[in-house]
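Take a look at the structure set out below.
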There are 2 protein chains.
Amino acid sequence: MIGNTRIGPSARCQGLRPKDFEFDGQGPLYEQLARALKRAIIDGRFSPGRPLPPTRSLAKTLNLSRNTVLGAYELLCAEALATTRGRAGTWVASDVQAALPAGSASSIAAPSRYAARTRRLPAPTLGARKPPTRLDLHYGEPVTDPRLFHSWRRKLAAAALQAGPRYPDPVGFRPLRRAISERVARRRGIVCTEEDILIVAGTQQAVTLAARVILDEGDPVVIEDPSYQYVADTLTAHGADLKFVATDEHGLMTSEVQAHAARMICVTPSHQFPSGSILSLERRLELLKIASSHGSWILEDDYDSEFQYQGRPLPALRSLDLGDRVIYIGSFSKTLFPSVRLGYVVCPAGLRADLCAAKRMDDLGSPAIEQAALAAFIQSGQFAKHLRATVTELRRRRDVLIEGLRRHAGAHIEIQGAQSGVHLVVWLPRLTFAQLDRLIELAGERDLGLYPIHPSYRVRPPHPGLLVGYAGQTSPALKTAAALFGECLESLHAETRKSLS
Amino acid sequence: MIGNTRIGPSARCQGLRPKDFEFDGQGPLYEQLARALKRAIIDGRFSPGRPLPPTRSLAKTLNLSRNTVLGAYELLCAEALATTRGRAGTWVASDVQAALPAGSASSIAAPSRYAARTRRLPAPTLGARKPPTRLDLHYGEPVTDPRLFHSWRRKLAAAALQAGPRYPDPVGFRPLRRAISERVARRRGIVCTEEDILIVAGTQQAVTLAARVILDEGDPVVIEDPSYQYVADTLTAHGADLKFVATDEHGLMTSEVQAHAARMICVTPSHQFPSGSILSLERRLELLKIASSHGSWILEDDYDSEFQYQGRPLPALRSLDLGDRVIYIGSFSKTLFPSVRLGYVVCPAGLRADLCAAKRMDDLGSPAIEQAALAAFIQSGQFAKHLRATVTELRRRRDVLIEGLRRHAGAHIEIQGAQSGVHLVVWLPRLTFAQLDRLIELAGERDLGLYPIHPSYRVRPPHPGLLVGYAGQTSPALKTAAALFGECLESLHAETRKSLS
């Protein structure tokens with residue numbers, strides 16, 4: 001027992017009012033009181049080497065039980081912030097400054113090189129969007145289909161009972177891996193079994209894991225220009241030495257890849273992100289040869305190949321590759337919805353164990369119920385049905401948008417990358433970049449959300465352009481959007497004429 | 001168009017049978033045929049500089065359309081494996097070996113230092129378990145409560161409609177962060193707001209992220225001996241220089257921590273894993289001082305503090321810490337079930353932005369629906385109700401187990417770490433390690449799954465012991481298990497006496 005009221009005169013408590021003690025209302029009362037006293041000591045309201053209020057009077061003042069005060073004082077003593085002097089009560093330690101920490105760690109230098117690199121990254125351009133407008137053409141918006149959510153809900157509920165409570169298989173739920181291996185084999189000609197499939201939390205985790213098992217700090221990595229900002233950021237954070245290689249209408253300019261002797265080459269062959277070009281067969285084969293000659297690994301991000309509107313896609317790099325150097329990654333963010341956070345890696349045999357170990361180290365595996373729900377969704381044929389309906393709907397949206405843009409702004413625009421996926425590029429070869437900014441502003445005033453493409457480029461493209469995501473808007477909305485876009489262009493031209501006259 | 005049947009005599013196709021072509025059944029037929037031909041070229045069944053079968057006869061032989069054969073030949077030509085010689089048909093390239101990759105990458109050296117380190121890790125002792133026995137006392141088994149799964153299922157189904165399809169907030173679903181901040185404040189006296197909470201995919205991801213933002217390769221990290229293997233493995237894979245510090249009945253021996261000047265100190269103060277000791281208040285305060293003097297970060301893994309059977313827990317390091325140097329991590333693997341893969345970090349202010357950026361780089365955020373379901377589960381009070389019921393049930397199981405062990409083996413055992421959590425340690429001070437192996441074997445013969453504790457130690461403990469998880473078995477089963485354990489001990493002693501006589 002600490003403190004004694006017979007010696008400690010109750011006068012010591014005089015002037016102290018309950019509001020002097022800021023109780024934070026969190027955790028046991030005695031800990032709250034101890035923290036309040038600690039703050040009072042730090043603030044100098046109780047001086048070093050001076051007595052604390054007697055326990056009984058403090059208990060009375062604060063309307064607490066004496067045991068609570070005793071508990072708080074014991075804690076302060078244990079922390080060497082106070083000492084007990086027998087019958088003389090409890091006193092603030094005379095060397096209390098020594099017991100307090102040297103200083104808060106809240107404004108510290110970056111603790112690791114990784115943290116230092118992440119701190120230097122630019123603000124996200126894709127993630128951090130403006131407040132959404134009514135007609136938002138932001139890339140990454142999912143197709144909103146209420147039926148999908150109702151199906152998914154039923155699958156989740158059923159899976160909750162089947163998946164089991166135990167730690168999941170860190171490399172993924174086997175039936176899901178089987179379903180995916182069969183799917184990529186059938187659709188993309190990728191010869192693989194369920195053993196080659198690693199379930200991950202989307203493309204983002206696939207890139208992180210690949211970086212970790214392939215790259216040491218400073219290793220050169222070829223990445224397309226333009227590129228998906230998060231991939232570039234992840235690799236930069238990891239410490240890779242990024243070598244941006246330009247793209248043209250046939251995709252990555254493979255002739256410029258050779259010189260970099262990269263450890264890894266990141267590429268989006270089906271639908272270059274965000275420019276929309278398709279890597280030609282010739283370049284695909286050249287890329288494989290370069291990879292083989294340097295011992296590079298290729299990260300093939302096939303993020304939207306499920307949505308094809310014209311003809312059949314070219315063979316995946318992974319299906320052309322005889323050297324087993326391609327890490328093929330796919331995601332359900334586009335085909336299902338982004339909040340599900342599931343994707344997969346088709347692992348090359350030489351990296352399979354490394355990638356699986358890295359996944360285990362990262363999070364011990366993705367959540368079991370969602371994996372089981374997705375497996376059931378694919379196996380039941382609902383996924384294929386949903387995809388067919390989505391492709392039909394997306395093609396309609398795309399067609400409406402293109403037709404509208406051609407009608408209302410045909411003379412001013414060039415459309416690229418519309419053959420697949422959920423976005424297209426509208427180039428505006430006659431505008432300056434300043435005019436583009438104004439155009440986006442004018443659109444904003446009409447509740448039309450437009451987004452420039454050049455922030456995705458390292459080397460600014462010759463003309464300004466817009467990255468137009470059309471998945472999140474209905475056909476009638478896209479029709480309206482195209483008309484509004486025409487209006488904005490006209491307003492812009494009117495303004496320009498006015499300023500010239 | 002490639003190939004010409006008038007010149008290429010159909011005799012060239014003689015001897016070729018459909019079964020010579022292994023169609024893998026995956027992807028478009030022309031790609032399958034191209035791969036089959038490629039394998040035939042690699043195997044030498046078609047020689048360099050020799051003609052391929054004429055398209056018409058091959059189509060006939062294989063019962064394919066001629067267009068399929070033409071498509072396959074085009075692909076081979078594009079890959080420079082074949083050349084077209086006008087009317088003379090298609091020929092295997094004479095330099096076909098040059099077009100083939102230099103060699104498969106399937107048996108390569110570890111590509112990164114990270115991969116090299118993961119390859120050297122020992123096999124998991126906790127994860128890779130033997131085939132489960134009827135009475136399995138494996139650590140990590142969840143309490144199986146069908147009611148929980150039915151509640152959870154309803155919450156998931158409701159959340160599926162609320163969570164929305166979009167990319168989740170990478171740092172976590174705000175209502176869940178709020179619910180957690182209120183909970184850790186109330187239960188553990190940790191003063192924090194939702195802004196301090198980062199949602200992660202369980203303890204494992206929390207450790208990985210902390211390692212990434214704090215540690216460079218070679219940085220010293222203090223870790224308890226014994227320890228949770230996955231934490232040690234993750235840090236080793238990351239490249240940390242692990243300094244194992246012994247524990248005793250008061251937890252980590254803080255007197256030995258000072259010397260290591262660690263960048264990070266990993267500790268399980270509430271219930272040392274797996275020995276079960278509790279870090280004394282004195283040592284908690286000493287640890288904070290050491291961390292403050294070296295500028296170390298403390299990773300406080302409070303993995304099972306929700307399950308308290310005796311008295312109140314000591315204050316968390318995080319609630320005692322005035323220097324803001326403690327990263328407090330919690331998990332829902334024990335309180336809910338492991339397959340949910342959700343946990344949280346209470347971030348120190350100085351690391352908050354770094355940890356959040358690392359999470360975004362890792363996977364763009366945890367799945368939205370499960371987070372929304374968990375938030376609703378906590379907010380509705382069902383989580384608290386479930387926890388109360390679980391604590392009651394676990395205490396019952398623990399009591400039955402301890403009583404049974406005391407009755408059937410009391411003279412031979414010492415029980416440690418039973419005051420909280422989902423496991424306890426049964427020390428067997430009179431047995432040799434060889435006898436322990438035999439005891440586990442005898443138990444296995446009786447369908448009783450026992451697991452030694454010493455694999456979790458770096459420095460082997462003086463006596464053999466068992467790490468006994470009791471969450472996964474009902475009270476009657478645990479009663480039986482304790483009786484069987486007594487039998488096994490008796491058998492062991494009988495065998496020993498026999499061998500001595």
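Ordered as shown in the structure tokens, chains take letters A, B, and onward, while each chain numbers its residues from 1 and ligands are numbered from 1 in the order shown.
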Exercise answer, chain B residues close to chain A, 6 Å and only C-alpha atoms, as a PDB file with N, CA and C atoms, in the first residue's frame:
```
ATOM      1  N   GLN B  26      -5.442 -26.934 -74.862  1.00  0.00           N
ATOM      2  CA  GLN B  26      -5.561 -25.644 -74.195  1.00  0.00           C
ATOM      3  C   GLN B  26      -5.400 -24.492 -75.172  1.00  0.00           C
ATOM      4  N   GLY B  27      -6.406 -23.641 -75.218  1.00  0.00           N
ATOM      5  CA  GLY B  27      -6.349 -22.480 -76.093  1.00  0.00           C
ATOM      6  C   GLY B  27      -6.779 -22.842 -77.503  1.00  0.00           C
ATOM      7  N   PRO B 101      15.225 -21.255 -77.157  1.00  0.00           N
ATOM      8  CA  PRO B 101      15.891 -20.580 -76.042  1.00  0.00           C
ATOM      9  C   PRO B 101      17.096 -21.353 -75.544  1.00  0.00           C
ATOM     10  N   SER B 104      16.242 -23.944 -70.303  1.00  0.00           N
ATOM     11  CA  SER B 104      15.154 -23.625 -69.396  1.00  0.00           C
ATOM     12  C   SER B 104      15.710 -22.988 -68.135  1.00  0.00           C
ATOM     13  N   ALA B 105      14.891 -22.132 -67.531  1.00  0.00           N
ATOM     14  CA  ALA B 105      15.305 -21.441 -66.311  1.00  0.00           C
ATOM     15  C   ALA B 105      14.834 -22.191 -65.079  1.00  0.00           C
ATOM     16  N   SER B 106      14.572 -23.482 -65.239  1.00  0.00           N
ATOM     17  CA  SER B 106      13.876 -24.162 -64.152  1.00  0.00           C
ATOM     18  C   SER B 106      14.791 -24.575 -62.995  1.00  0.00           C
ATOM     19  N   SER B 107      16.073 -24.594 -63.199  1.00  0.00           N
ATOM     20  CA  SER B 107      16.929 -25.007 -62.080  1.00  0.00           C
ATOM     21  C   SER B 107      17.957 -23.931 -61.807  1.00  0.00           C
ATOM     22  N   PRO B 111      17.298 -15.969 -57.529  1.00  0.00           N
ATOM     23  CA  PRO B 111      17.489 -14.726 -58.273  1.00  0.00           C
ATOM     24  C   PRO B 111      17.799 -13.506 -57.400  1.00  0.00           C
ATOM     25  N   SER B 112      17.270 -13.417 -56.193  1.00  0.00           N
ATOM     26  CA  SER B 112      17.580 -12.268 -55.335  1.00  0.00           C
ATOM     27  C   SER B 112      18.141 -12.769 -54.009  1.00  0.00           C
ATOM     28  N   TYR B 114      16.936 -11.999 -51.213  1.00  0.00           N
ATOM     29  CA  TYR B 114      15.730 -12.383 -50.473  1.00  0.00           C
ATOM     30  C   TYR B 114      15.373 -13.839 -50.778  1.00  0.00           C
ATOM     31  N   ALA B 115      15.341 -14.171 -52.064  1.00  0.00           N
ATOM     32  CA  ALA B 115      14.992 -15.539 -52.447  1.00  0.00           C
ATOM     33  C   ALA B 115      16.020 -16.529 -51.906  1.00  0.00           C
ATOM     34  N   ARG B 153     -21.580 -15.615 -41.672  1.00  0.00           N
ATOM     35  CA  ARG B 153     -22.141 -15.770 -42.992  1.00  0.00           C
ATOM     36  C   ARG B 153     -23.182 -14.681 -43.274  1.00  0.00           C
ATOM     37  N   ALA B 157     -22.868 -11.701 -46.048  1.00  0.00           N
ATOM     38  CA  ALA B 157     -23.880 -11.507 -47.086  1.00  0.00           C
ATOM     39  C   ALA B 157     -24.376 -10.069 -47.056  1.00  0.00           C
ATOM     40  N   ALA B 160     -21.630  -7.742 -48.377  1.00  0.00           N
ATOM     41  CA  ALA B 160     -21.410  -7.822 -49.824  1.00  0.00           C
ATOM     42  C   ALA B 160     -22.201  -6.739 -50.546  1.00  0.00           C
ATOM     43  N   PRO B 165     -18.088  -2.146 -54.818  1.00  0.00           N
ATOM     44  CA  PRO B 165     -17.144  -2.897 -55.647  1.00  0.00           C
ATOM     45  C   PRO B 165     -15.790  -2.219 -55.792  1.00  0.00           C
ATOM     46  N   ARG B 166     -15.658  -0.945 -55.391  1.00  0.00           N
ATOM     47  CA  ARG B 166     -14.465  -0.172 -55.721  1.00  0.00           C
ATOM     48  C   ARG B 166     -13.241  -0.612 -54.918  1.00  0.00           C
ATOM     49  N   TYR B 167     -12.075  -0.118 -55.364  1.00  0.00           N
ATOM     50  CA  TYR B 167     -10.852  -0.355 -54.606  1.00  0.00           C
ATOM     51  C   TYR B 167     -11.091   0.098 -53.179  1.00  0.00           C
ATOM     52  N   PRO B 168     -10.721  -0.731 -52.204  1.00  0.00           N
ATOM     53  CA  PRO B 168     -10.930  -0.341 -50.809  1.00  0.00           C
ATOM     54  C   PRO B 168      -9.930   0.757 -50.414  1.00  0.00           C
ATOM     55  N   ALA B 185      -8.586   0.769 -27.047  1.00  0.00           N
ATOM     56  CA  ALA B 185      -8.550   1.808 -26.020  1.00  0.00           C
ATOM     57  C   ALA B 185      -9.246   1.295 -24.755  1.00  0.00           C
ATOM     58  N   ARG B 186     -10.434   0.746 -24.939  1.00  0.00           N
ATOM     59  CA  ARG B 186     -11.225   0.305 -23.786  1.00  0.00           C
ATOM     60  C   ARG B 186     -10.556  -0.874 -23.095  1.00  0.00           C
ATOM     61  N   ARG B 187     -10.103  -1.826 -23.871  1.00  0.00           N
ATOM     62  CA  ARG B 187      -9.619  -3.072 -23.263  1.00  0.00           C
ATOM     63  C   ARG B 187      -8.150  -3.022 -22.886  1.00  0.00           C
ATOM     64  N   ARG B 188      -7.341  -2.266 -23.611  1.00  0.00           N
ATOM     65  CA  ARG B 188      -5.902  -2.312 -23.380  1.00  0.00           C
ATOM     66  C   ARG B 188      -5.337  -0.954 -22.996  1.00  0.00           C
ATOM     67  N   GLY B 189      -6.221   0.028 -22.803  1.00  0.00           N
ATOM     68  CA  GLY B 189      -5.743   1.349 -22.385  1.00  0.00           C
ATOM     69  C   GLY B 189      -4.833   2.003 -23.400  1.00  0.00           C
ATOM     70  N   ALA B 201      -3.444  -8.008 -43.274  1.00  0.00           N
ATOM     71  CA  ALA B 201      -3.859  -9.395 -43.438  1.00  0.00           C
ATOM     72  C   ALA B 201      -3.241 -10.262 -42.338  1.00  0.00           C
ATOM     73  N   GLN B 204       1.114 -11.761 -39.646  1.00  0.00           N
ATOM     74  CA  GLN B 204       2.193 -11.997 -40.586  1.00  0.00           C
ATOM     75  C   GLN B 204       2.469 -10.765 -41.437  1.00  0.00           C
ATOM     76  N   GLN B 205       1.424 -10.177 -41.989  1.00  0.00           N
ATOM     77  CA  GLN B 205       1.651  -8.999 -42.820  1.00  0.00           C
ATOM     78  C   GLN B 205       2.140  -7.825 -41.971  1.00  0.00           C
ATOM     79  N   VAL B 213       9.628  -1.223 -43.432  1.00  0.00           N
ATOM     80  CA  VAL B 213       9.809   0.220 -43.223  1.00  0.00           C
ATOM     81  C   VAL B 213      10.899   0.526 -42.202  1.00  0.00           C
ATOM     82  N   ILE B 214      11.286  -0.454 -41.378  1.00  0.00           N
ATOM     83  CA  ILE B 214      12.276  -0.162 -40.330  1.00  0.00           C
ATOM     84  C   ILE B 214      13.673  -0.674 -40.667  1.00  0.00           C
ATOM     85  N   LEU B 215      13.737  -1.826 -41.333  1.00  0.00           N
ATOM     86  CA  LEU B 215      15.020  -2.525 -41.406  1.00  0.00           C
ATOM     87  C   LEU B 215      15.647  -2.540 -42.777  1.00  0.00           C
ATOM     88  N   ASP B 216      16.918  -2.237 -42.821  1.00  0.00           N
ATOM     89  CA  ASP B 216      17.712  -2.540 -43.998  1.00  0.00           C
ATOM     90  C   ASP B 216      18.386  -3.895 -43.777  1.00  0.00           C
ATOM     91  N   THR B 234      10.303 -14.587 -41.270  1.00  0.00           N
ATOM     92  CA  THR B 234      10.022 -13.387 -42.063  1.00  0.00           C
ATOM     93  C   THR B 234      11.155 -12.389 -41.928  1.00  0.00           C
ATOM     94  N   GLY B 323       7.238   7.484 -25.454  1.00  0.00           N
ATOM     95  CA  GLY B 323       8.138   7.877 -26.542  1.00  0.00           C
ATOM     96  C   GLY B 323       7.602   7.547 -27.923  1.00  0.00           C
ATOM     97  N   ASP B 324       6.429   6.936 -27.978  1.00  0.00           N
ATOM     98  CA  ASP B 324       5.792   6.589 -29.256  1.00  0.00           C
ATOM     99  C   ASP B 324       6.700   5.709 -30.108  1.00  0.00           C
ATOM    100  N   PHE B 337     -11.354 -16.430 -36.468  1.00  0.00           N
ATOM    101  CA  PHE B 337     -10.779 -17.682 -36.967  1.00  0.00           C
ATOM    102  C   PHE B 337      -9.672 -17.316 -37.945  1.00  0.00           C
ATOM    103  N   PRO B 338      -8.684 -18.202 -38.118  1.00  0.00           N
ATOM    104  CA  PRO B 338      -7.495 -17.809 -38.903  1.00  0.00           C
ATOM    105  C   PRO B 338      -7.785 -17.573 -40.378  1.00  0.00           C
ATOM    106  N   SER B 339      -8.779 -18.245 -40.949  1.00  0.00           N
ATOM    107  CA  SER B 339      -8.938 -18.138 -42.400  1.00  0.00           C
ATOM    108  C   SER B 339      -9.460 -16.767 -42.810  1.00  0.00           C
ATOM    109  N   VAL B 340      -9.883 -15.950 -41.830  1.00  0.00           N
ATOM    110  CA  VAL B 340     -10.385 -14.616 -42.175  1.00  0.00           C
ATOM    111  C   VAL B 340      -9.259 -13.680 -42.614  1.00  0.00           C
ATOM    112  N   ARG B 341      -8.027 -13.936 -42.169  1.00  0.00           N
ATOM    113  CA  ARG B 341      -6.847 -13.155 -42.559  1.00  0.00           C
ATOM    114  C   ARG B 341      -7.038 -11.651 -42.359  1.00  0.00           C
ATOM    115  N   ALA B 349       3.032   7.410 -34.336  1.00  0.00           N
ATOM    116  CA  ALA B 349       2.869   8.554 -35.242  1.00  0.00           C
ATOM    117  C   ALA B 349       4.029   8.653 -36.231  1.00  0.00           C
ATOM    118  N   GLY B 350       5.244   8.348 -35.755  1.00  0.00           N
ATOM    119  CA  GLY B 350       6.425   8.500 -36.599  1.00  0.00           C
ATOM    120  C   GLY B 350       6.533   7.487 -37.717  1.00  0.00           C
ATOM    121  N   ASP B 354       4.616   5.682 -43.197  1.00  0.00           N
ATOM    122  CA  ASP B 354       5.465   4.655 -43.818  1.00  0.00           C
ATOM    123  C   ASP B 354       4.757   3.297 -43.855  1.00  0.00           C
ATOM    124  N   MET B 361       1.596  -0.452 -51.128  1.00  0.00           N
ATOM    125  CA  MET B 361       2.512  -1.067 -52.093  1.00  0.00           C
ATOM    126  C   MET B 361       2.344  -2.586 -52.115  1.00  0.00           C
ATOM    127  N   ASP B 362       1.943  -3.136 -50.975  1.00  0.00           N
ATOM    128  CA  ASP B 362       1.905  -4.593 -50.862  1.00  0.00           C
ATOM    129  C   ASP B 362       0.688  -5.181 -51.566  1.00  0.00           C
ATOM    130  N   ASP B 363      -0.481  -4.610 -51.348  1.00  0.00           N
ATOM    131  CA  ASP B 363      -1.680  -5.232 -51.928  1.00  0.00           C
ATOM    132  C   ASP B 363      -2.837  -4.261 -52.150  1.00  0.00           C
ATOM    133  N   PRO B 367      -9.377  -7.065 -48.410  1.00  0.00           N
ATOM    134  CA  PRO B 367     -10.674  -7.157 -49.076  1.00  0.00           C
ATOM    135  C   PRO B 367     -11.775  -6.380 -48.336  1.00  0.00           C
ATOM    136  N   ALA B 368     -12.584  -5.647 -49.107  1.00  0.00           N
ATOM    137  CA  ALA B 368     -13.553  -4.731 -48.522  1.00  0.00           C
ATOM    138  C   ALA B 368     -14.698  -5.451 -47.806  1.00  0.00           C
TER     139      ALA B 368
END
```
Non-local contacts of Tyr228 of chain A (9 Å; only C-alpha atoms; under 5 positions in same chain excluded) as a ChimeraX atom specification: /A:126,233,273-274,456
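Note that the spacing between atom CA of Ile329 of chain A and atom CA of Ala72 of chain B amounts to 25.3 Å.
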From the DSSP assignment of the backbone, select every residue of segment 286-357 of chain B that is strand (DSSP E or B), and format the answer as a list in words. Trp297, Ile298, Leu299, Glu300, Asp301, Gln308, Val326, Ile327, Tyr328, Ile329, Gly330, Ser331, Gly343, Tyr344, Val345 and Val346 of chain B
Report as a PyMOL selection string: the residues of segment 187-422 of chain B with a DSSP assignment of helix (DSSP H, G or I), based on the backbone of this structure. chain B and resi 187-188+194-196+202-214+229-238+254-256+258-260+281-294+317-320+338-340+352-363+368-379+382-412
